[in-house]
Amino acid sequence: MKTLIKISWRNIWRNRTRSIIIITAIILGLMGGVFGAAMRLALEKQQFEDTVETQISHIQIHHPEFIANPEARFHIPDGTKISSDLNKRDDIKVASPRIVFDGMVATANMNAGVRIKGIDPEIENRTTGLEGLIEEGSYLIEDGRIPSILIGNRLAENLNVAVGSRMVLTFQDIHGEVINASFRVEGIYSLPSRAFEERTVFVKGTDINEIIGDTEAVTEIAVVINNPDDYRSVTSKIQESYPDAKVRHWGDLQPSLYYSLEVLDEALIWILIIVIMAVSFGLLNTILMSILERARELGMLLAIGMKRSKVFFMIVLETTIISLFGGVIGLTMAYGMIRILNKTGVPIPGGDGLSELGYSSVLYPSLETAFYFEIVVVLVVFAILASIYPAWKAIRLQPAEAVRQE
Amino acid sequence: MKLILTLAWRNLWRNKRRTLITISSVMFAVILAVFIFSMEQGSYERMIDTTVKYSTGYIQIQDILYDDEPSMDYAMLFDDDIKELLEEFKEEIDYYVPRLQSFALVATDEITRGSMVIGIDPVLEDKMSELSDDMVEGEFIASGDDGIVVAEGLAGILNIKIGDTLVLLGQGFHGATASGLYPVKGIVDLRLPDLNNNSIYMSLETAQWFFAAENRLTALIIMPENPSQTNQLAEGLNSKIDSEWYNVLTWEEMLSDLLTLMQFDMAGTWVLMMILYIVITFGLFGTILTMMIERRQEFRLLFSLGLKRIKLAAVCFFESVFITFTGAIAGMLLAFPVVLYFFYNPIPLTGGMAETIIDYGFEPVLPFSMTPSIFYTQAIIVFLISFVVGLFPVYKVFKFKIVDNKGKSLKRKRNS
Amino acid sequence: MKTVIETKDLTKIYNSSVAPVKAVNKVSLDFVEGEFTAIVGPSGSGKNTFLNLIGGLDKPTEGQVIIDDTDISGMKESKLFDFRLKNIGFVFQSYNLIPVLTAKENVSFIMLLQKESKAKMEKRAVEMLEQVGLSEKLNSRPGQLSGGQQQRVAVARALASKPKFVLADEPTANLDTESAFNLLDIMSRLNKEENITLIFSTHDQRVIDRARRVITLVDGAVSKDEKFESRK
């Protein structure tokens with residue numbers, strides 16, 4: 001075995017340039033593949049943050065009827081108590097009680113449909129970091145004569161309003177009566193999601209509860225949990241505690257994001273497999289060329305009694321060693337590259353258009369260490385597959401002919 | 001020249017297997033690239049087609065201020081000037097679809113909600129989006145009808161059935177109060193939850209009366225004879241229209257957000273493809289290099305026979321160009337039927353992903369695109385690669401020493 | 001004296017496109033221990049085929065090859081590999097050595113395949129290289145050796161595992177006179193001292209002059225079988 005490894009290793013360096021080319025291809029391929037995978041991961045992570053952390057939270061609790069009919073009358077029974085109970089649990093970081101319903105917002109010359117969210121400003125900020133999203137004006141703090149409202153950037157543009165403008169909200173109270181109430185724009189927030197910005201306004205829960213006539217009504221509780229990976233188990237625990245409410249996690253609320261994250265791991269491996277497949281073609285070609293060049297030598301080995309299985313194994317070994325050599329260098333460099341890019345960030349070309357949409361135009365790629373080991377396994381598997389044809393070619397040599405072949 | 005090409009071609013087939021493997025690596029890259037781009041483009045085209053068909057149309061004419069502030073106050077006048085203009089372009093225009101829409105409150109005895117109220121020409125609108133095919137109950141409205149068609153989701157929220165009467169309340173043109181009672185004539189399934197929970201259709205005449213906006217439209221959608229001529233038509237319209245009052249928008253302008261996101265997604269795929277091509281290039285490079293090394297003796301022979309370096313360089317250059325091009329063309333030829341097959345038989349999806357897609361009103365399949373650019377872009381890339389790789393042997397030939405270090409100018413091998 | 005190789009009606013027919021060619025036609029020969037045989041004949045006489053057959057590299061169409069009481073003509077390939085490894089040493093015209101291994105490693109290689117212990121292998125390799133006069137070149141790679149030296153390493157390798165006989169296929173063809181004689185000296189000495197059976201296929205007169213038995217093949221059949229017992 002030791003000698004076989006030695007032979008293989010020395011064989012690799014017989015044609016130095018060719019080996020260096022294929023090793024460089026492996027290194028560049030792996031670095032590129034890892035880069036692609038890490039960027040993809042960073043992007044999904046960013047989308048998760050944008051969607052789950054700032055918009056919907058890990059878990060939401062509603063009255064079962066509320067989902068089809070978002071109206072104040074479908075509030076969660078004992079909502080305030082449930083919310084404060086949840087805040088005492090140790091698997092939950094924070095639970096934000098909200099009074100949420102659909103309504104209409106009108107200015108002097110225009111109106112639009114919106115979802116009105118009545119919040120406790122302090123708890124809401126701990127839940128979604130809403131205060132940090134304020135672009136103009138200020139967060140819901142002041143207790144003015146006219147109740148305050150936060151609206152999205154794009155809604156402000158559409159309605160042509162600014163901080164300080166007044167607008168009228170129209171909605172139904174707890175009894176189904178239509179109510180008009182005047183609000184003053186206190187702040188304008190900005191979020192990547194256009195739909196969310198256009199459709200969601202925030203007001204103080206205390207203000208709105210007074211208007212609808214039920215100071216205790218809670219229609220939505222948004223929950224942030226301590227360990228995001230436990231979202232399933234926490235969701236079912238909460239559901240068990242409150243069987244009358246409908247408890248849903250972010251995957252139920254945002255199925256498209258859920259499925260794209262679900263297949264993410266596979267997608268990342270596929271990126272690598274595609275690149276490694278391309279590398280394998282080069283590897284196959286390189287090994288095959290060296291077999292054809294060494295026909296006589298291999299014939300001699302067969303003639304003096306080296307078993308075909310051993311010769312086969314030797315070729316496979318050669319391929320594996322090349323791929324491992326290139327693989328270890330490539331992955332080490334890729335690891336270093338990702339570490340550096342994680343610090344410096346990667347600007348996205350055409351990022352201007354994206355930042356206009358509210359996406360960050362710089363990504364910070366990162367990858368778990370386990371992923372690098374998975375790549376090594378995939379690489380070696382493909383290298384072995386690529387070596388089978390040349391190795392088969394090698395053992396098909398007829399020793400008697402090969403040694404005489406000029 | 002012909003001799004050079006012949007030499008290059010025959011040289012390639014001296015080692016058939018190696019050439020085939022190298023060609024197949026190029027082929028593999030091209031097939032993969034075409035396949036992936038076709039799939040990605042296919043999904044986007046479907047999304048764009050759907051949006052264009054159900055929502056924006058190819059071209060819209062609006063009041064100049066409406067795009068910034070979509071208010072009823074900025075509804076445009078659909079007057080003789082506009083009609084004349086449309087007449088002028090009637091060769092290029094298939095048909096046009098007028099719309100007048102704004103937000104309004106809709107109420108039953110118990111429930112009040114906001115909804116988009118869309119005034120349409122039932123015949124033309126149906127021609128564009130085949131809306132009447134999606135009716136789940138009742139009848140589609142006719143021109144001048146005073147009934148309304150409610151989207152299924154909204155009908156559920158309001159808990160109404162055919163024949164019920166709804167109160168609509170909104171803001172009309174220039175602050176006029178818009179209000180009225182309208183019987184529900186039909187219920188339509190709009191699939192996309194956002195639209196399905198927020199849409200009411202009425203006939204254009206009824207809407208104009210409701211919003212007190214006689215002869216006015218918020219948008220005039222124009223469907224071109226030939227959708228690929230959209231931009232030319234839009235430019236034509238723009239040059240003739242009164243640009244102080246009107247704005248001509250193409251779907252690309254209306255869907256710029258969506259397009260930016262798509263381009264961004266595509267950029268990711270491009271990065272992957274570039275990596276793939278770099279790896280393939282190295283493989284090519286390895287093959288070319290080996291061919292050069294193997295043929296040292298032959299080069300000496302050819303030089304001593306008097307072949308000029310430039311000619312030999314050309315032979316070597318064409319060899320690498322042949323390899324890459326044969327691979328690229330074979331790749332495209334093989335990818336074409338595969339993509340064509342999937343174009344007509346898209347890959348079905350299953351499980352949760354499929355359900356989500358059905359919820360959004362799409363068939364649960366991965367559609368493919370047959371846009372020619374997907375094919376020729378790969379050819380251009382491969383051409384550039386072959387050029388770069390081809391330069392290497394040219395360099396080598398010019399650096400080649402005819403007399404080697406040991407001073408032997410021509411050592412011919414026995415039997416070779 | 002003991003018979004090492006015995007062939008009985010050994011026949012090999014190649015199917016060419018025109019007509020079947022009898023490359024070896026009913027050859028029955030015995031080779032006894034310690035013989036130094038040269039097989040000669042013009043090209044196409046079948047000497048290479050004959051050598052391949054007795055070396056177990058090719059299978060006869062008819063007839064038998066019996067080596068040390070074992071009939072190898074019907075042997076399965078995997079068994080044949082083992083048999084060759086244990087019983088037959090090979091020296092070829094060219095490309096004899098593994099270019100990436102040193103002289104010592106090349107000699108050890110066969111023993112390695114035979115799973116000898118490392119110490120024994122090492123000792124034997126050094127000993128054999130001394131025998132062929134290369135004790136100075138233990139750690140040289142084939143590329144650093146002259147053609148004659150390479151062939152001597154090949155002889156050392158062929159003999160290292162103490163085979164029943166050594167088949168040498170034109171070993172001197174690519175060597176200059178001095179190297180050729182040197183190689184032949186070593187081989188004759190080993191033949192006498194260690195009683196190793198040598199079978200050469202050659203048309204090199206220098207070899208033929210040394211052989212104690214010269215078999216001439218013509219058209220696949222034995223045309224002459226001369227013995228020169230007096231040669232030293």
# chains A, B, ... in the order shown; residues from 1 in each chain; ligands from 1
$ residues_around --residues "Leu259 in chain B" --least-positions-apart "4" --cutoff "9 Å" --atoms "only C-alpha atoms" --output "PyMOL selection string"
chain B and resi 44+48+252+255+263-264
$ write_last_selection --atoms "C-alpha atoms" --output "PDB file, in the first residue's frame"
ATOM      1  CA  TYR B  44     -39.490  34.284 -15.223  1.00  0.00           C
ATOM      2  CA  ILE B  48     -43.969  38.038 -16.621  1.00  0.00           C
ATOM      3  CA  GLU B 252     -40.679  46.674 -18.621  1.00  0.00           C
ATOM      4  CA  LEU B 255     -42.482  45.847 -13.749  1.00  0.00           C
ATOM      5  CA  GLN B 263     -31.672  40.079 -13.109  1.00  0.00           C
ATOM      6  CA  PHE B 264     -30.186  39.696  -9.686  1.00  0.00           C
TER       7      PHE B 264
END
$ select_by_dssp --residues "range 70-197 of chain C" --states "strand (DSSP E)" --output "list in words"
Thr70, Asp71, Ile88, Gly89, Phe90, Val91, Phe165, Val166, Leu167, Ala168, Asp169 and Thr197 of chain C
$ write_last_selection --atoms "N, CA and C atoms" --output "PDB file, in the first residue's frame"
ATOM      1  N   THR C  70       2.977 -28.203 -13.580  1.00  0.00           N
ATOM      2  CA  THR C  70       1.677 -27.532 -13.591  1.00  0.00           C
ATOM      3  C   THR C  70       1.318 -27.135 -15.017  1.00  0.00           C
ATOM      4  N   ASP C  71       0.112 -27.535 -15.426  1.00  0.00           N
ATOM      5  CA  ASP C  71      -0.339 -27.153 -16.762  1.00  0.00           C
ATOM      6  C   ASP C  71      -0.938 -25.754 -16.688  1.00  0.00           C
ATOM      7  N   ILE C  88       8.055 -16.991 -12.820  1.00  0.00           N
ATOM      8  CA  ILE C  88       8.698 -16.523 -14.044  1.00  0.00           C
ATOM      9  C   ILE C  88       9.272 -15.122 -13.856  1.00  0.00           C
ATOM     10  N   GLY C  89      10.521 -14.963 -14.290  1.00  0.00           N
ATOM     11  CA  GLY C  89      11.119 -13.630 -14.305  1.00  0.00           C
ATOM     12  C   GLY C  89      11.133 -13.107 -15.725  1.00  0.00           C
ATOM     13  N   PHE C  90      10.896 -11.797 -15.877  1.00  0.00           N
ATOM     14  CA  PHE C  90      10.864 -11.211 -17.226  1.00  0.00           C
ATOM     15  C   PHE C  90      11.914 -10.125 -17.383  1.00  0.00           C
ATOM     16  N   VAL C  91      12.563 -10.136 -18.539  1.00  0.00           N
ATOM     17  CA  VAL C  91      13.411  -8.999 -18.927  1.00  0.00           C
ATOM     18  C   VAL C  91      12.997  -8.624 -20.338  1.00  0.00           C
ATOM     19  N   PHE C 165      12.383 -19.829 -13.978  1.00  0.00           N
ATOM     20  CA  PHE C 165      13.187 -19.491 -15.156  1.00  0.00           C
ATOM     21  C   PHE C 165      12.974 -18.022 -15.516  1.00  0.00           C
ATOM     22  N   VAL C 166      13.882 -17.509 -16.343  1.00  0.00           N
ATOM     23  CA  VAL C 166      13.786 -16.108 -16.754  1.00  0.00           C
ATOM     24  C   VAL C 166      13.585 -16.055 -18.256  1.00  0.00           C
ATOM     25  N   LEU C 167      12.580 -15.296 -18.668  1.00  0.00           N
ATOM     26  CA  LEU C 167      12.354 -15.076 -20.095  1.00  0.00           C
ATOM     27  C   LEU C 167      12.909 -13.713 -20.447  1.00  0.00           C
ATOM     28  N   ALA C 168      13.804 -13.688 -21.427  1.00  0.00           N
ATOM     29  CA  ALA C 168      14.373 -12.406 -21.816  1.00  0.00           C
ATOM     30  C   ALA C 168      14.048 -12.153 -23.279  1.00  0.00           C
ATOM     31  N   ASP C 169      13.339 -11.058 -23.512  1.00  0.00           N
ATOM     32  CA  ASP C 169      12.880 -10.766 -24.855  1.00  0.00           C
ATOM     33  C   ASP C 169      13.784  -9.696 -25.454  1.00  0.00           C
ATOM     34  N   THR C 197      17.557 -21.020 -14.988  1.00  0.00           N
ATOM     35  CA  THR C 197      17.230 -21.353 -16.364  1.00  0.00           C
ATOM     36  C   THR C 197      16.962 -20.068 -17.136  1.00  0.00           C
TER      37      THR C 197
END
$ select_by_dssp --residues "range 297-373 of chain A" --states "helix (DSSP H, G or I)" --output "ChimeraX atom specification"
/A:297-303,308-344,351-356,369-373
$ write_last_selection --atoms "C-alpha atoms" --output "PDB file, in the first residue's frame"
ATOM      1  CA  GLU A 297       5.021   0.528 -18.488  1.00  0.00           C
ATOM      2  CA  LEU A 298       1.606  -0.699 -17.380  1.00  0.00           C
ATOM      3  CA  GLY A 299       1.913  -3.686 -19.714  1.00  0.00           C
ATOM      4  CA  MET A 300       5.209  -4.524 -18.082  1.00  0.00           C
ATOM      5  CA  LEU A 301       3.621  -4.367 -14.644  1.00  0.00           C
ATOM      6  CA  LEU A 302       0.939  -6.765 -15.804  1.00  0.00           C
ATOM      7  CA  ALA A 303       3.524  -9.056 -17.392  1.00  0.00           C
ATOM      8  CA  ARG A 308      -5.084  -6.292 -12.713  1.00  0.00           C
ATOM      9  CA  SER A 309      -6.984  -5.377  -9.583  1.00  0.00           C
ATOM     10  CA  LYS A 310      -3.835  -3.793  -8.170  1.00  0.00           C
ATOM     11  CA  VAL A 311      -3.155  -1.833 -11.353  1.00  0.00           C
ATOM     12  CA  PHE A 312      -6.777  -0.686 -11.336  1.00  0.00           C
ATOM     13  CA  PHE A 313      -6.451   0.371  -7.748  1.00  0.00           C
ATOM     14  CA  MET A 314      -3.227   2.216  -8.498  1.00  0.00           C
ATOM     15  CA  ILE A 315      -4.924   4.349 -11.168  1.00  0.00           C
ATOM     16  CA  VAL A 316      -7.862   5.059  -8.880  1.00  0.00           C
ATOM     17  CA  LEU A 317      -5.398   5.975  -6.176  1.00  0.00           C
ATOM     18  CA  GLU A 318      -3.571   8.367  -8.462  1.00  0.00           C
ATOM     19  CA  THR A 319      -6.794  10.143  -9.310  1.00  0.00           C
ATOM     20  CA  THR A 320      -7.854  10.274  -5.704  1.00  0.00           C
ATOM     21  CA  ILE A 321      -4.525  11.707  -4.632  1.00  0.00           C
ATOM     22  CA  ILE A 322      -4.663  14.444  -7.283  1.00  0.00           C
ATOM     23  CA  SER A 323      -8.189  15.356  -6.299  1.00  0.00           C
ATOM     24  CA  LEU A 324      -7.399  15.309  -2.593  1.00  0.00           C
ATOM     25  CA  PHE A 325      -4.298  17.389  -3.138  1.00  0.00           C
ATOM     26  CA  GLY A 326      -6.170  19.971  -5.200  1.00  0.00           C
ATOM     27  CA  GLY A 327      -9.175  19.632  -2.917  1.00  0.00           C
ATOM     28  CA  VAL A 328      -7.314  20.362   0.300  1.00  0.00           C
ATOM     29  CA  ILE A 329      -5.501  23.352  -1.189  1.00  0.00           C
ATOM     30  CA  GLY A 330      -8.650  24.619  -2.888  1.00  0.00           C
ATOM     31  CA  LEU A 331     -10.804  24.290   0.201  1.00  0.00           C
ATOM     32  CA  THR A 332      -8.203  25.846   2.460  1.00  0.00           C
ATOM     33  CA  MET A 333      -8.016  28.802   0.103  1.00  0.00           C
ATOM     34  CA  ALA A 334     -11.796  28.892  -0.197  1.00  0.00           C
ATOM     35  CA  TYR A 335     -12.076  28.860   3.581  1.00  0.00           C
ATOM     36  CA  GLY A 336      -9.656  31.768   3.851  1.00  0.00           C
ATOM     37  CA  MET A 337     -11.469  33.606   1.071  1.00  0.00           C
ATOM     38  CA  ILE A 338     -14.849  33.218   2.767  1.00  0.00           C
ATOM     39  CA  ARG A 339     -13.372  34.348   6.092  1.00  0.00           C
ATOM     40  CA  ILE A 340     -12.033  37.488   4.451  1.00  0.00           C
ATOM     41  CA  LEU A 341     -15.182  38.188   2.427  1.00  0.00           C
ATOM     42  CA  ASN A 342     -17.230  37.683   5.566  1.00  0.00           C
ATOM     43  CA  LYS A 343     -15.348  40.623   7.058  1.00  0.00           C
ATOM     44  CA  THR A 344     -15.211  42.866   3.992  1.00  0.00           C
ATOM     45  CA  GLY A 351     -26.812  46.475  -6.355  1.00  0.00           C
ATOM     46  CA  ASP A 352     -28.077  50.010  -6.866  1.00  0.00           C
ATOM     47  CA  GLY A 353     -31.334  48.780  -8.292  1.00  0.00           C
ATOM     48  CA  LEU A 354     -31.573  46.367  -5.414  1.00  0.00           C
ATOM     49  CA  SER A 355     -30.909  48.840  -2.664  1.00  0.00           C
ATOM     50  CA  GLU A 356     -33.654  50.946  -4.180  1.00  0.00           C
ATOM     51  CA  THR A 369     -17.240  23.988   8.433  1.00  0.00           C
ATOM     52  CA  ALA A 370     -19.132  20.724   7.927  1.00  0.00           C
ATOM     53  CA  PHE A 371     -19.917  21.844   4.392  1.00  0.00           C
ATOM     54  CA  TYR A 372     -16.233  21.819   3.462  1.00  0.00           C
ATOM     55  CA  PHE A 373     -15.981  18.195   4.526  1.00  0.00           C
TER      56      PHE A 373
END
$ atom_distance --atom1 "CA of Ala37 in chain A" --atom2 "CA of Phe382 in chain A"
18.6 Å
$ residues_around --residues "Pro60 in chain C" --least-positions-apart "4" --cutoff "8 Å" --atoms "only C-alpha atoms" --output "list in words"
Leu10, Thr11, Lys12, Ile13, Leu53, Gln64 and Ser73 of chain C
$ write_last_selection --atoms "C-alpha atoms" --output "compact mmCIF listing (two decimals), in the first residue's frame"
# COMPACT_ATOMS: atom_id res chain seq x y z
CA LEU C 10 1.78 -26.18 -28.61
CA THR C 11 -0.25 -24.34 -31.25
CA LYS C 12 -1.42 -20.76 -31.57
CA ILE C 13 -3.66 -19.70 -34.41
CA LEU C 53 2.85 -18.74 -24.48
CA GLN C 64 -0.15 -27.55 -23.36
CA SER C 73 -2.60 -23.53 -20.56
$ interface_residues --of "chain C" --to "chain A" --cutoff "7 Å" --atoms "only C-alpha atoms" --output "list in words"
Asn52, Leu57, Phe81, Asp82, Arg84, Leu85, Gly89, Phe90, Tyr95, Asn96, Ile98, Val100, Leu101 and Leu113 of chain C
$ atom_distance --atom1 "CA of Val380 in chain A" --atom2 "CA of Leu264 in chain A"
22.6 Å
$ residues_around --residues "range 3-9 of chain C" --least-positions-apart "5" --cutoff "8 Å" --atoms "only C-alpha atoms" --output "list of chain:residue names"
C:Asn25, C:Lys26, C:Val27, C:Ser28, C:Leu29, C:Asp30, C:Phe31, C:Val32, C:Glu33, C:Ile54, C:Glu62, C:Gly63, C:Gln64, C:Val65, C:Ile66, C:Ile67, C:Asp68, C:Lys164, C:Phe165
$ write_last_selection --atoms "C-alpha atoms" --output "tab-separated table (two decimals), in the first residue's frame"
chain	number	residue	atom	x	y	z
C	25	ASN	CA	2.49	-24.95	-34.96
C	26	LYS	CA	2.66	-28.07	-32.84
C	27	VAL	CA	5.84	-27.27	-30.96
C	28	SER	CA	6.90	-29.87	-28.42
C	29	LEU	CA	10.00	-28.93	-26.48
C	30	ASP	CA	11.54	-29.57	-23.06
C	31	PHE	CA	13.67	-27.11	-21.12
C	32	VAL	CA	15.68	-28.50	-18.25
C	33	GLU	CA	16.97	-26.74	-15.20
C	54	ILE	CA	5.47	-20.20	-22.18
C	62	GLU	CA	-4.14	-26.09	-28.75
C	63	GLY	CA	-1.57	-28.05	-26.82
C	64	GLN	CA	-0.15	-27.55	-23.36
C	65	VAL	CA	2.50	-25.66	-21.46
C	66	ILE	CA	3.60	-27.54	-18.36
C	67	ILE	CA	5.78	-25.65	-15.97
C	68	ASP	CA	7.17	-27.63	-13.07
C	164	LYS	CA	11.97	-21.08	-11.95
C	165	PHE	CA	13.19	-19.49	-15.16
$ interface_residues --of "chain B" --to "chain A" --cutoff "6 Å" --atoms "only C-alpha atoms" --output "ChimeraX atom specification"
/B:25,69,71,103,110,114,157,275-276,279,282-283,286
$ residues_around --residues "Gly236 in chain B" --least-positions-apart "5" --cutoff "9 Å" --atoms "only C-alpha atoms" --output "PDB file with C-alpha atoms, in the first residue's frame"
ATOM      1  CA  PHE B  89     -51.288  53.086 -35.097  1.00  0.00           C
ATOM      2  CA  ASN B 231     -40.848  48.991 -27.423  1.00  0.00           C
ATOM      3  CA  ILE B 241     -48.837  61.793 -27.874  1.00  0.00           C
TER       4      ILE B 241
END
$ residues_around --residues "range 222-232 of chain A" --least-positions-apart "3" --cutoff "8 Å" --atoms "only C-alpha atoms" --output "PyMOL selection string"
chain A and resi 56-61+90-98+127+235-236+249
$ atom_distance --atom1 "CA of Leu204 in chain B" --atom2 "CA of Met47 in chain B"
27.4 Å
